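Everything below concerns the one structure shown next.
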Amino acid sequence: MSGKARALAGLAPVLAAIGLFAAPQGTATRYLIVSGDSSSGSWDSRDEGLIRELRSKYGSHFAWFRQDGHDFVLTSDEVLAELDTAMAPQREVNRQQGDVNRHQSDVNRMQGKVNDLQSDVNRDQAEVNRRQSQVNHGQASQAEVNRLQAEVNAEQNDVNKEQRKVSQEQAVVNREQNEVNQMQARASAEVREALQEVFDSARSRGLAREIR
């Protein structure tokens with residue numbers, strides 16, 4: 001064995017300990033990225049105790065991930081900037097989803113107005129039905145009931161027109177949501193791959209501190 005090889009062999013335990021000797025083998029199974037008041041990631045209730053501890057220790061500017069059965073924390077501004085870049089596709093999806101949500105809110109308001117109009121028509125129809133019952137018992141004029149019924153029918157036609165407008169607008173929102181769903185599927189894959197590259201690179205550069 002050459003002198004250089006013997007030197008590397010002697011350093012192997014140290015290099016392995018700081019993540020420089022061998023590339024990470026697995027994929028990150030859980031992670032959290034904290035930046036100011038916002039946070040994003042994938043974890044479950046079993047991690048909440050650890051996450052609270054990390055927030056208490058590192059504040060509002062760090063990342064944590066679990067890989068190869070070990071937990072790592074990242075505090076380097078350089079790595080955190082790389083993670084921010086990796087999350088860009090998800091931010092675009094979130095922006096598009098916000099637009100769709102606002103459009104859906106507009107449609108919901110339109111639907112609410114139509115529902116109010118329909119309630120008015122239902123109330124008027126109930127009055128016509130009451131008058132018709134009186135006619136059936138010889139207590140009211142059929143001509144007057146017919147006039148009232150014609151008015152209610154016209155009101156119902158107006159409501160139906162408004163409902164068609166709402167349905168058309170809802171169809172637009174549905175198409176927009178479908179597009180966002182497709183964007184989300186693509187973004188999820190892109191972000192997952194980009195984050196993994198950052199996690200692996202951070203470990204390889206010794207910038208991921210293992211939590212013991």
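As shown in the structure tokens, the chain order sets the letters A, B, ...; within each chain, residues go from 1, and ligands are also counted from 1 in the order they appear.
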Fewer than 3 positions away in the same chain doesn't count, so skip those; otherwise give me all residues within 9 Å of Gly59 in chain A, counting only C-alpha atoms, as an MDAnalysis selection string.
chainID A and resid 34 36 54:56 62
Show which residues sit within 7 Å of range 160-175 of chain A, as a short mmCIF file (atom, residue, chain, number, x, y, z; two decimals) with N, CA and C atoms, in the first residue's frame. Count only C-alpha atoms, and ignore same-chain residues fewer than 4 positions away.
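Result went into selection_20.cif, see below:
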```cif
data_model
loop_
_atom_site.label_atom_id
_atom_site.label_comp_id
_atom_site.auth_asym_id
_atom_site.auth_seq_id
_atom_site.Cartn_x
_atom_site.Cartn_y
_atom_site.Cartn_z
N VAL A 100 -56.18 30.19 -7.94
CA VAL A 100 -57.35 29.33 -8.10
C VAL A 100 -58.28 29.47 -6.89
N HIS A 103 -60.23 32.60 -7.21
CA HIS A 103 -61.26 32.43 -8.24
C HIS A 103 -62.42 31.60 -7.69
N GLN A 104 -62.09 30.55 -6.93
CA GLN A 104 -63.13 29.71 -6.34
C GLN A 104 -63.97 30.50 -5.35
N VAL A 107 -66.48 32.45 -7.25
CA VAL A 107 -67.57 31.59 -7.71
C VAL A 107 -68.49 31.26 -6.54
N MET A 110 -70.75 34.10 -6.04
CA MET A 110 -71.78 34.08 -7.08
C MET A 110 -72.86 33.05 -6.75
N GLN A 111 -72.42 31.88 -6.31
CA GLN A 111 -73.36 30.82 -5.99
C GLN A 111 -74.24 31.22 -4.80
N VAL A 114 -76.98 33.40 -6.05
CA VAL A 114 -77.99 32.59 -6.76
C VAL A 114 -78.85 31.84 -5.76
N GLN A 156 -87.90 32.26 -11.90
CA GLN A 156 -87.13 31.03 -11.93
C GLN A 156 -86.23 30.97 -13.16
N GLU A 179 -55.08 21.94 -13.80
CA GLU A 179 -53.75 22.36 -14.25
C GLU A 179 -52.79 22.48 -13.07
#
```
For Ala194 in chain A, which residue among A:Asn153, A:Asn129, A:Ala28, A:Asn94 is the nearest when counting only C-alpha atoms?
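When distances to Ala194 in chain A are compared using only C-alpha atoms, the smallest one comes from A:Ala28.
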I'd like the neighbourhood of range 142-145 of chain A as number ranges by chain, where a residue qualifies if any of its atoms comes within 9 Å (using only C-alpha atoms), though same-chain residues fewer than 5 positions away should be ignored.
A: 128-129, 131-132, 135-136, 150
With C-alpha atoms retained, write the just-selected residues as a compact mmCIF listing (two decimals), in the first residue's frame.
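The resulting again15.txt:
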```txt
# COMPACT_ATOMS: atom_id res chain seq x y z
CA VAL A 128 -98.66 30.63 -5.28
CA ASN A 129 -99.26 27.12 -4.02
CA ARG A 131 -103.33 30.66 -3.39
CA GLN A 132 -103.93 27.66 -5.64
CA VAL A 135 -108.79 28.41 -5.60
CA ASN A 136 -109.34 24.68 -5.27
CA ALA A 150 -96.25 33.38 -14.51
```
Using only C-alpha atoms, which of A:Gln96, A:Ser35, A:Asn122, A:Gln134 sits nearest Asp77 in chain A?
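Under the stated criterion, the closest residue is A:Ser35.
Proximity of A:Gly98, A:Val159, A:Tyr58, A:Arg91 to Asp116 in chain A, computed with only C-alpha atoms, is greatest for A:Val159.
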Residue set, range 37-196 of chain A restricted to strand (DSSP E or B), as a list in words
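Filtering range 37-196 of chain A to strand (DSSP E or B) leaves Ser38, Ser39, Ser40, Gly41, Ser42, His61, Phe62, Ala63, Trp64, Phe65, Arg66, Gln67, His70, Asp71, Phe72, Val73 and Leu74 of chain A.
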Per DSSP on the backbone, what are the helix (DSSP H, G or I) residues of range 4-130 of chain A, as number ranges by chain?
A: 4-17, 45-58, 77-86, 88-130
Tell me which of A:Val198, A:Ala189, A:Leu207, A:Met183 sits closest to Val93 in chain A, counting only C-alpha atoms.
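Among A:Val198, A:Ala189, A:Leu207, A:Met183, it is A:Met183 that comes nearest to Val93 in chain A.
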Find the residues near Leu50 in chain A: any atom within 12 Å, counting only C-alpha atoms, skip ones fewer than 4 places away on the same chain, and give them as a short mmCIF file (atom, residue, chain, number, x, y, z; two decimals) with N, CA and C atoms, in the first residue's frame.
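Written out: selection25.cif:
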```cif
data_model
loop_
_atom_site.label_atom_id
_atom_site.label_comp_id
_atom_site.auth_asym_id
_atom_site.auth_seq_id
_atom_site.Cartn_x
_atom_site.Cartn_y
_atom_site.Cartn_z
N TYR A 31 -38.04 15.64 6.43
CA TYR A 31 -37.24 16.86 6.47
C TYR A 31 -38.10 18.03 6.90
N LEU A 32 -37.44 19.10 7.33
CA LEU A 32 -38.09 20.34 7.70
C LEU A 32 -37.16 21.49 7.33
N TRP A 43 -42.92 15.49 7.59
CA TRP A 43 -42.61 14.79 8.84
C TRP A 43 -43.93 14.30 9.44
N ASP A 44 -43.86 13.58 10.56
CA ASP A 44 -45.08 13.13 11.21
C ASP A 44 -45.01 13.41 12.70
N SER A 45 -46.05 13.01 13.41
CA SER A 45 -46.18 13.37 14.82
C SER A 45 -45.04 12.83 15.67
N ARG A 46 -44.41 11.74 15.22
CA ARG A 46 -43.30 11.18 16.00
C ARG A 46 -42.09 12.11 16.03
N LEU A 54 -35.22 21.34 18.10
CA LEU A 54 -34.41 22.02 17.09
C LEU A 54 -34.80 23.49 16.97
N ARG A 55 -36.10 23.77 17.00
CA ARG A 55 -36.53 25.17 16.93
C ARG A 55 -36.00 25.96 18.12
N SER A 56 -36.02 25.33 19.28
CA SER A 56 -35.52 26.01 20.47
C SER A 56 -34.02 26.29 20.38
N LYS A 57 -33.31 25.34 19.76
CA LYS A 57 -31.85 25.46 19.71
C LYS A 57 -31.38 26.34 18.55
N TYR A 58 -32.04 26.21 17.38
CA TYR A 58 -31.52 26.88 16.17
C TYR A 58 -32.39 28.05 15.72
N TRP A 64 -33.61 20.47 8.87
CA TRP A 64 -33.37 19.14 9.45
C TRP A 64 -33.80 18.08 8.44
N PHE A 65 -33.05 17.00 8.37
CA PHE A 65 -33.50 15.88 7.55
C PHE A 65 -33.01 14.56 8.15
N ARG A 66 -33.72 13.49 7.81
CA ARG A 66 -33.38 12.15 8.27
C ARG A 66 -33.00 11.31 7.05
N ASP A 71 -30.23 11.54 11.86
CA ASP A 71 -30.79 12.88 11.77
C ASP A 71 -29.67 13.89 11.58
N PHE A 72 -29.91 14.85 10.69
CA PHE A 72 -28.90 15.88 10.39
C PHE A 72 -29.55 17.26 10.47
N VAL A 73 -28.76 18.25 10.89
CA VAL A 73 -29.24 19.61 10.91
C VAL A 73 -28.32 20.47 10.04
N ILE A 211 -27.18 14.76 14.35
CA ILE A 211 -27.74 14.91 15.70
C ILE A 211 -27.65 13.56 16.39
N ARG A 212 -26.97 13.53 17.49
CA ARG A 212 -26.77 12.26 18.20
C ARG A 212 -27.56 12.25 19.50
#
```
Quote the spacing between CA of Glu176 in chain A and CA of Asp158 in chain A in Å to one decimal place.
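Atom-to-atom, CA of Glu176 in chain A to CA of Asp158 in chain A, that is 27.6 Å.
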Kindly indicate which residue among A:Ile51, A:Ala185, A:Ile33, A:Leu74 lies nearest to Glu210 in chain A, using only C-alpha atoms for the distances.
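Smallest separation from Glu210 in chain A among the options: A:Leu74.
Relative to CA of Asp68 in chain A, CA of Gly26 in chain A is found at 5.3 Å.
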